[in-house]
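Okay, input22.cif is below, mmCIF, C-alpha atoms and all ligand atoms:
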data_input
loop_
_atom_site.group_PDB
_atom_site.id
_atom_site.type_symbol
_atom_site.label_atom_id
_atom_site.label_comp_id
_atom_site.auth_asym_id
_atom_site.auth_seq_id
_atom_site.Cartn_x
_atom_site.Cartn_y
_atom_site.Cartn_z
ATOM 1 C CA MET A 41 -156.804 -37.871 -22.445
ATOM 2 C CA ASN A 42 -155.464 -39.350 -25.608
ATOM 3 C CA PRO A 43 -156.940 -42.885 -25.888
ATOM 4 C CA PHE A 44 -153.549 -44.416 -26.682
ATOM 5 C CA LEU A 45 -151.644 -43.188 -23.684
ATOM 6 C CA LYS A 46 -153.290 -45.670 -21.391
ATOM 7 C CA HIS A 47 -151.463 -48.634 -22.926
ATOM 8 C CA TRP A 48 -147.959 -47.469 -22.231
ATOM 9 C CA PHE A 49 -147.351 -47.454 -18.546
ATOM 10 C CA ARG A 50 -146.294 -51.029 -17.820
ATOM 11 C CA ARG A 51 -142.994 -50.390 -16.078
ATOM 12 C CA TYR A 52 -144.615 -47.804 -13.884
ATOM 13 C CA ALA A 53 -147.620 -49.989 -13.115
ATOM 14 C CA ALA A 54 -145.208 -52.625 -11.798
ATOM 15 C CA ILE A 55 -144.246 -50.226 -8.985
ATOM 16 C CA ALA A 56 -147.868 -49.681 -7.984
ATOM 17 C CA ARG A 57 -148.418 -53.430 -7.796
ATOM 18 C CA PHE A 58 -146.606 -53.539 -4.430
ATOM 19 C CA CYS A 59 -147.975 -50.296 -3.018
ATOM 20 C CA GLN A 60 -149.848 -50.403 0.296
ATOM 21 C CA ASP A 61 -152.058 -47.495 -0.750
ATOM 22 C CA CYS A 62 -153.007 -48.148 -4.362
ATOM 23 C CA SER A 63 -152.137 -51.732 -5.364
ATOM 24 C CA VAL A 64 -155.833 -52.756 -5.417
ATOM 25 C CA LEU A 65 -156.689 -50.078 -7.979
ATOM 26 C CA PRO A 66 -156.952 -51.590 -11.453
ATOM 27 C CA ASP A 67 -155.023 -50.304 -14.469
ATOM 28 C CA TYR A 68 -158.317 -49.140 -15.910
ATOM 29 C CA MET A 69 -161.860 -49.112 -14.559
ATOM 30 C CA GLU A 70 -165.113 -47.509 -15.647
ATOM 31 C CA ILE A 71 -168.340 -47.271 -13.677
ATOM 32 C CA SER A 72 -171.633 -45.539 -14.436
ATOM 33 C CA ASN A 73 -174.605 -44.401 -12.377
ATOM 34 C CA ASP A 74 -176.852 -47.067 -13.920
ATOM 35 C CA THR A 75 -174.761 -49.959 -12.575
ATOM 36 C CA PRO A 76 -174.217 -50.902 -8.914
ATOM 37 C CA ASP A 77 -170.401 -50.742 -9.292
ATOM 38 C CA PHE A 78 -168.175 -48.507 -7.196
ATOM 39 C CA PHE A 79 -164.504 -47.703 -7.314
ATOM 40 C CA PRO A 80 -162.453 -49.452 -4.598
ATOM 41 C CA ASP A 81 -162.252 -47.360 -1.401
ATOM 42 C CA GLU A 82 -158.514 -46.926 -1.927
ATOM 43 C CA ILE A 83 -159.264 -44.280 -4.550
ATOM 44 C CA LYS A 84 -159.727 -41.928 -1.578
ATOM 45 C CA ASN A 85 -156.025 -42.314 -0.728
ATOM 46 C CA LEU A 86 -155.021 -40.568 -3.943
ATOM 47 C CA GLU A 87 -154.082 -36.921 -4.002
ATOM 48 C CA HIS A 88 -156.247 -34.863 -6.314
ATOM 49 C CA ILE A 89 -154.237 -32.726 -8.744
ATOM 50 C CA SER A 90 -155.947 -29.635 -10.188
ATOM 51 C CA ALA A 91 -158.572 -29.934 -12.900
ATOM 52 C CA LEU A 92 -156.901 -29.758 -16.283
ATOM 53 C CA LYS A 93 -159.896 -29.362 -18.494
ATOM 54 C CA MET A 94 -163.397 -28.300 -17.650
ATOM 55 C CA THR A 95 -166.303 -28.450 -20.037
ATOM 56 C CA SER A 96 -170.012 -28.696 -19.339
ATOM 57 C CA SER A 97 -170.099 -32.426 -20.029
ATOM 58 C CA SER A 98 -166.731 -33.643 -18.841
ATOM 59 C CA ASP A 99 -164.342 -33.215 -15.980
ATOM 60 C CA GLU A 100 -160.871 -34.671 -16.069
ATOM 61 C CA HIS A 101 -157.991 -34.474 -13.685
ATOM 62 C CA LEU A 102 -154.852 -36.216 -12.551
ATOM 63 C CA MET A 103 -154.518 -37.995 -9.254
ATOM 64 C CA GLN A 104 -151.367 -39.309 -7.649
ATOM 65 C CA CYS A 105 -150.615 -41.918 -5.012
ATOM 66 C CA ARG A 106 -148.907 -40.360 -1.997
ATOM 67 C CA ILE A 107 -146.837 -43.484 -1.323
ATOM 68 C CA CYS A 108 -145.577 -44.814 -4.683
ATOM 69 C CA HIS A 109 -146.296 -41.634 -6.733
ATOM 70 C CA THR A 110 -148.144 -43.507 -9.474
ATOM 71 C CA TYR A 111 -150.380 -41.170 -11.463
ATOM 72 C CA TYR A 112 -154.002 -41.870 -12.269
ATOM 73 C CA TRP A 113 -156.299 -40.130 -14.695
ATOM 74 C CA TYR A 114 -159.854 -39.523 -13.521
ATOM 75 C CA ARG A 115 -162.562 -38.673 -15.983
ATOM 76 C CA THR A 116 -166.296 -38.207 -15.746
ATOM 77 C CA HIS A 117 -168.522 -37.578 -18.716
ATOM 78 C CA SER A 118 -172.184 -37.561 -19.656
ATOM 79 C CA PRO A 119 -172.518 -38.262 -23.377
ATOM 80 C CA GLY A 120 -176.195 -37.253 -23.365
ATOM 81 C CA GLY A 121 -175.505 -33.797 -21.948
ATOM 82 C CA SER A 122 -176.177 -32.759 -18.391
ATOM 83 C CA GLU A 123 -179.411 -30.727 -18.552
ATOM 84 C CA ASP A 124 -181.396 -33.554 -16.999
ATOM 85 C CA ALA A 125 -179.077 -34.873 -14.308
ATOM 86 C CA MET A 126 -181.596 -37.433 -12.981
ATOM 87 C CA HIS A 127 -181.970 -39.209 -16.307
ATOM 88 C CA THR A 128 -178.520 -38.847 -17.741
ATOM 89 C CA THR A 129 -176.012 -41.674 -17.645
ATOM 90 C CA THR A 130 -172.769 -40.443 -16.174
ATOM 91 C CA TYR A 131 -169.600 -42.433 -16.650
ATOM 92 C CA GLU A 132 -166.557 -42.236 -14.415
ATOM 93 C CA SER A 133 -163.242 -43.861 -15.171
ATOM 94 C CA ILE A 134 -159.751 -44.102 -13.728
ATOM 95 C CA THR A 135 -156.667 -45.063 -15.726
ATOM 96 C CA LYS A 136 -153.142 -45.622 -14.485
ATOM 97 C CA MET A 137 -150.855 -43.177 -16.272
ATOM 98 C CA GLY A 138 -147.232 -43.443 -17.329
ATOM 99 C CA LEU A 139 -144.936 -40.418 -17.025
ATOM 100 C CA LEU A 140 -144.960 -39.752 -20.754
ATOM 101 C CA GLY A 141 -148.738 -39.344 -20.665
ATOM 102 C CA VAL A 142 -148.581 -37.138 -17.575
ATOM 103 C CA TYR A 143 -145.891 -34.975 -19.158
ATOM 104 C CA MET A 144 -147.915 -34.539 -22.367
ATOM 105 C CA GLU A 145 -151.148 -33.797 -20.537
ATOM 106 C CA LEU A 146 -149.531 -31.174 -18.308
ATOM 107 C CA GLN A 147 -147.944 -29.464 -21.303
ATOM 108 C CA GLU A 148 -151.266 -29.495 -23.110
ATOM 109 C CA ALA A 149 -153.123 -28.131 -20.077
ATOM 110 C CA ILE A 150 -150.713 -25.205 -19.719
ATOM 111 C CA GLN A 151 -151.044 -24.411 -23.414
ATOM 112 C CA ALA A 152 -154.855 -24.642 -23.284
ATOM 113 C CA SER A 153 -154.969 -22.406 -20.229
ATOM 114 C CA ALA A 154 -152.703 -19.809 -21.885
ATOM 115 C CA ASP A 155 -154.882 -19.832 -25.020
ATOM 116 C CA TYR A 156 -158.027 -19.470 -22.932
ATOM 117 C CA LEU A 157 -156.523 -16.535 -21.070
ATOM 118 C CA LYS A 158 -155.740 -14.727 -24.338
ATOM 119 C CA GLN A 159 -159.455 -14.462 -25.177
ATOM 120 C CA TYR A 160 -159.956 -12.122 -22.222
ATOM 121 C CA ASP A 161 -156.906 -9.996 -22.763
ATOM 122 C CA ASN A 162 -158.660 -6.664 -23.348
ATOM 123 C CA GLU A 163 -159.921 -3.709 -21.303
ATOM 124 C CA SER A 164 -163.602 -4.730 -21.173
ATOM 125 C CA THR A 165 -162.917 -8.162 -19.664
ATOM 126 C CA LYS A 166 -160.213 -7.219 -17.205
ATOM 127 C CA ILE A 167 -161.906 -8.806 -14.177
ATOM 128 C CA LEU A 168 -162.260 -12.152 -15.950
ATOM 129 C CA TYR A 169 -158.714 -11.861 -17.239
ATOM 130 C CA ASP A 170 -157.345 -11.386 -13.719
ATOM 131 C CA PHE A 171 -159.345 -14.340 -12.490
ATOM 132 C CA PHE A 172 -158.132 -16.691 -15.220
ATOM 133 C CA LEU A 173 -154.594 -15.367 -14.883
ATOM 134 C CA GLN A 174 -154.601 -16.516 -11.296
ATOM 135 C CA GLU A 175 -155.866 -19.950 -12.351
ATOM 136 C CA HIS A 176 -153.210 -20.125 -15.042
ATOM 137 C CA GLU A 177 -150.459 -19.238 -12.605
ATOM 138 C CA SER A 178 -151.525 -21.782 -10.039
ATOM 139 C CA LEU A 179 -151.685 -24.467 -12.747
ATOM 140 C CA GLN A 180 -148.136 -23.532 -13.763
ATOM 141 C CA ILE A 181 -146.882 -23.759 -10.188
ATOM 142 C CA GLU A 182 -148.494 -27.153 -9.748
ATOM 143 C CA ALA A 183 -147.218 -28.406 -13.107
ATOM 144 C CA THR A 184 -143.665 -27.314 -12.233
ATOM 145 C CA ARG A 185 -143.732 -29.589 -9.202
ATOM 146 C CA HIS A 186 -144.702 -32.562 -11.393
ATOM 147 C CA PHE A 187 -142.219 -31.679 -14.138
ATOM 148 C CA SER A 188 -139.463 -31.790 -11.489
ATOM 149 C CA TYR A 189 -140.673 -35.197 -10.371
ATOM 150 C CA ILE A 190 -140.656 -36.430 -13.980
ATOM 151 C CA GLU A 191 -137.150 -35.000 -14.626
ATOM 152 C CA ALA A 192 -135.909 -36.883 -11.571
ATOM 153 C CA HIS A 193 -137.462 -40.113 -12.877
ATOM 154 C CA ASN A 194 -136.617 -39.645 -16.522
ATOM 155 C CA ASP A 195 -135.724 -43.336 -16.972
ATOM 156 C CA LEU A 196 -139.391 -44.213 -16.541
ATOM 157 C CA LEU A 197 -140.448 -41.579 -19.037
ATOM 158 C CA ILE A 198 -137.863 -42.774 -21.572
ATOM 159 C CA TRP A 199 -139.098 -46.379 -21.279
ATOM 160 C CA ASP A 200 -142.640 -45.130 -21.701
ATOM 161 C CA ALA A 201 -141.704 -43.212 -24.838
ATOM 162 C CA PHE A 202 -139.981 -46.259 -26.347
ATOM 163 C CA ALA A 203 -143.028 -48.384 -25.579
ATOM 164 C CA CYS A 204 -145.297 -45.739 -27.069
ATOM 165 C CA LEU A 205 -143.295 -45.474 -30.296
ATOM 166 C CA ASN A 206 -142.840 -49.229 -30.658
ATOM 167 C CA ALA A 207 -146.472 -50.048 -29.946
ATOM 168 C CA GLN A 208 -148.388 -51.043 -33.014
ATOM 169 C CA ALA A 209 -151.917 -49.744 -33.039
ATOM 170 C CA SER A 210 -154.536 -52.210 -34.271
ATOM 171 C CA ALA A 211 -155.787 -51.712 -37.822
ATOM 172 C CA GLN A 212 -159.098 -50.447 -36.452
ATOM 173 C CA GLU A 213 -157.406 -47.906 -34.194
ATOM 174 C CA GLU A 214 -155.205 -46.809 -37.077
ATOM 175 C CA GLU A 215 -158.269 -46.051 -39.106
ATOM 176 C CA PHE A 216 -160.129 -44.191 -36.386
ATOM 177 C CA TYR A 217 -157.250 -42.230 -34.952
ATOM 178 C CA ASN A 218 -154.838 -41.979 -37.829
ATOM 179 C CA ARG A 219 -154.099 -38.278 -37.507
ATOM 180 C CA GLN A 220 -154.112 -38.342 -33.749
ATOM 181 C CA LEU A 221 -151.680 -41.276 -33.751
ATOM 182 C CA ARG A 222 -149.234 -39.484 -36.029
ATOM 183 C CA GLN A 223 -149.376 -36.371 -33.842
ATOM 184 C CA LEU A 224 -148.864 -38.441 -30.733
ATOM 185 C CA GLU A 225 -145.872 -40.216 -32.272
ATOM 186 C CA ALA A 226 -144.301 -36.928 -33.314
ATOM 187 C CA GLN A 227 -144.778 -35.535 -29.824
ATOM 188 C CA ALA A 228 -143.452 -38.706 -28.156
ATOM 189 C CA LEU A 229 -140.396 -38.635 -30.439
ATOM 190 C CA LYS A 230 -139.637 -35.022 -29.524
ATOM 191 C CA ILE A 231 -139.983 -35.731 -25.810
ATOM 192 C CA LEU A 232 -137.905 -38.923 -26.082
ATOM 193 C CA ILE A 233 -134.999 -37.121 -27.749
ATOM 194 C CA HIS A 234 -135.230 -34.260 -25.259
ATOM 195 C CA PHE A 235 -134.951 -36.632 -22.293
ATOM 196 C CA LEU A 236 -132.343 -38.894 -23.904
ATOM 197 C CA SER A 237 -130.121 -35.865 -24.569
ATOM 198 C CA LYS A 238 -130.277 -34.987 -20.884
ATOM 199 C CA HIS A 239 -129.769 -38.548 -19.656
ATOM 200 C CA ARG A 240 -126.333 -39.333 -18.216
ATOM 201 C CA HIS A 241 -126.084 -42.702 -19.931
ATOM 202 C CA PRO A 242 -128.091 -42.637 -23.149
ATOM 203 C CA GLU A 243 -126.013 -45.608 -24.349
ATOM 204 C CA LEU A 244 -128.043 -47.758 -21.941
ATOM 205 C CA PHE A 245 -130.890 -47.503 -24.437
ATOM 206 C CA ARG A 246 -128.880 -48.678 -27.461
ATOM 207 C CA ASP A 247 -131.022 -51.786 -28.070
ATOM 208 C CA GLN A 248 -134.207 -49.749 -27.949
ATOM 209 C CA LEU A 249 -132.702 -47.143 -30.261
ATOM 210 C CA ARG A 250 -131.658 -49.847 -32.727
ATOM 211 C CA LEU A 251 -135.211 -51.221 -32.732
ATOM 212 C CA LEU A 252 -136.682 -47.764 -33.275
ATOM 213 C CA SER A 253 -134.269 -46.991 -36.125
ATOM 214 C CA GLN A 254 -136.284 -49.540 -38.139
ATOM 215 C CA HIS A 255 -139.612 -47.901 -37.415
ATOM 216 C CA PRO A 256 -142.052 -47.973 -40.374
ATOM 217 C CA ASN A 257 -142.495 -44.207 -40.010
ATOM 218 C CA ALA A 258 -139.498 -42.824 -41.926
ATOM 219 C CA VAL A 259 -139.438 -39.576 -39.928
ATOM 220 C CA ILE A 260 -139.067 -41.484 -36.669
ATOM 221 C CA ALA A 261 -136.480 -43.904 -38.092
ATOM 222 C CA SER A 262 -134.280 -41.147 -39.543
ATOM 223 C CA SER A 263 -134.504 -38.941 -36.421
ATOM 224 C CA ILE A 264 -133.381 -41.884 -34.310
ATOM 225 C CA ILE A 265 -130.528 -42.757 -36.700
ATOM 226 C CA ASP A 266 -129.361 -39.102 -36.595
ATOM 227 C CA TYR A 267 -129.547 -39.074 -32.817
ATOM 228 C CA THR A 268 -127.629 -42.357 -32.457
ATOM 229 C CA ARG A 269 -124.844 -41.028 -34.727
ATOM 230 C CA SER A 270 -124.508 -37.989 -32.488
ATOM 231 C CA LEU A 271 -123.772 -40.140 -29.424
HETATM 232 ZN ZN ZN B 1 -149.344 -46.290 -4.711
#

What does the file become when written as structure tokens?
Amino acid sequence: MNPFLKHWFRRYAAIARFCQDCSVLPDYMEISNDTPDFFPDEIKNLEHISALKMTSSSDEHLMQCRICHTYYWYRTHSPGGSEDAMHTTTYESITKMGLLGVYMELQEAIQASADYLKQYDNESTKILYDFFLQEHESLQIEATRHFSYIEAHNDLLIWDAFACLNAQASAQEEEFYNRQLRQLEAQALKILIHFLSKHRHPELFRDQLRLLSQHPNAVIASSIIDYTRSL
């Protein structure tokens, strides 16, 4: 998951605060096998949504509360590699996710799965191709269900996108993630305009649009000014 996405879910997190199933789960929590900490039992209430990425040292997937529909991101990783499971520190974390983050991650997962599939698209690897094709198709079916949910709750995604674009990264983050931040902003801008164009009352977001039209990134500012003129 992109490290920045975790900051931009506040409106959504407010819903989870009153949920009977997941309100005790923190916005972010990390445990490791060399500490006595455990996740709260309520984590078992969450529905597990298919693995998005699988590598030898990390496993990440989305989870969703069955009652309030808040999304959570689960990740486990072993920075030292996993050859020696008994002596390797394994970290597990959960992060509450906003709809913008979920939308981006699902898009990315579908793309990654399609790219992966392409590698096996020849006669000699037909069996593997068929196997991964099936995986790809079931990911698409599952993603479609969540895209429909997001479409139906596009207000939350739009607020998330505004928060994402208006958030100022710290100077340290800027330095570390400069390129990643710019890519994320460009993606968030594209998604924001897509959802605003489909929203029945985009004028509701006039104040947010005005704020964003003064964004230090000239590309963002001018795209927003163009969009506002088109209203
Ligand atoms: Zn909940």

For this session: Grab me every residue within 6 Å of ligand ZN 1 (chain B), counting all atoms listed in the file, and send it over as a ChimeraX atom specification.
Result: /A:56,59,61-62,105,107-110

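The nearest approach to Glu100 of chain A among the residues A:Asn85, A:Thr135, A:Asn73, A:Gln174, with all atoms listed in the file taken into account, belongs to A:Thr135.
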
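When the PyMOL selection byres (((chain A and resi 237) around 12) and not hetatm) is evaluated on the file shown here, the picked residues come out as Asn194, Ile198, Lys230, Ile231, Leu232, Ile233, His234, Phe235, Leu236, Lys238, His239, Arg240, His241, Pro242, Glu243, Phe245, Ile264, Tyr267, Thr268, Ser270 and Leu271 of chain A.
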
Save out the residues we just selected, C-alpha atoms, as an mmCIF file, in the coordinates of the input.
data_model
loop_
_atom_site.group_PDB
_atom_site.id
_atom_site.type_symbol
_atom_site.label_atom_id
_atom_site.label_comp_id
_atom_site.auth_asym_id
_atom_site.auth_seq_id
_atom_site.Cartn_x
_atom_site.Cartn_y
_atom_site.Cartn_z
ATOM 1 C CA ASN A 194 -136.617 -39.645 -16.522
ATOM 2 C CA ILE A 198 -137.863 -42.774 -21.572
ATOM 3 C CA LYS A 230 -139.637 -35.022 -29.524
ATOM 4 C CA ILE A 231 -139.983 -35.731 -25.810
ATOM 5 C CA LEU A 232 -137.905 -38.923 -26.082
ATOM 6 C CA ILE A 233 -134.999 -37.121 -27.749
ATOM 7 C CA HIS A 234 -135.230 -34.260 -25.259
ATOM 8 C CA PHE A 235 -134.951 -36.632 -22.293
ATOM 9 C CA LEU A 236 -132.343 -38.894 -23.904
ATOM 10 C CA LYS A 238 -130.277 -34.987 -20.884
ATOM 11 C CA HIS A 239 -129.769 -38.548 -19.656
ATOM 12 C CA ARG A 240 -126.333 -39.333 -18.216
ATOM 13 C CA HIS A 241 -126.084 -42.702 -19.931
ATOM 14 C CA PRO A 242 -128.091 -42.637 -23.149
ATOM 15 C CA GLU A 243 -126.013 -45.608 -24.349
ATOM 16 C CA PHE A 245 -130.890 -47.503 -24.437
ATOM 17 C CA ILE A 264 -133.381 -41.884 -34.310
ATOM 18 C CA TYR A 267 -129.547 -39.074 -32.817
ATOM 19 C CA THR A 268 -127.629 -42.357 -32.457
ATOM 20 C CA SER A 270 -124.508 -37.989 -32.488
ATOM 21 C CA LEU A 271 -123.772 -40.140 -29.424
#

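Remark: for Gln104 of chain A, the closest of the candidate residues A:Tyr189, A:Trp199, A:Phe216, A:Tyr169 is A:Tyr189 (distances computed over all atoms listed in the file).
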
Exercise. Between atom CA of Thr128 of chain A and atom CA of Phe79 of chain A, what is the distance, to one decimal in Å?
Worked result: 19.6 Å

For this session: Excluding segment 143-147 of chain A and residues on its chain fewer than 6 positions from it, collect all residues at most 12 Å away from it, counting only C-alpha atoms, and give them as a PyMOL selection string.
Result: chain A and resi 41-42+45+89-93+100-102+111-113+137+153-154+179-191+193-194+196-198+200-201+223-232+235

For this session: For atom CA of Lys136 of chain A and atom CA of Pro66 of chain A, determine how far apart the two atoms are, in Å to one decimal place.
Result: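 Atom CA of Pro66 of chain A lies 7.7 Å from atom CA of Lys136 of chain A.
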
For this session: Run the PyMOL selection byres (((chain A and resi 250) around 12) and not hetatm) on the file and write out the hits as a ChimeraX atom specification.
Result: /A:202,206,243-249,251-255,260-269

For this session: One decimal, Å: what's the distance from atom CA of Ala149 of chain A over to atom CA of Glu87 of chain A, could you say?
Result: 18.3 Å

Problem set entry | Residue nearest Asn257 of chain A - candidates A:Glu132, A:Glu214, A:Leu205, A:Phe58, atoms counted: all atoms listed in the file | A:Leu205
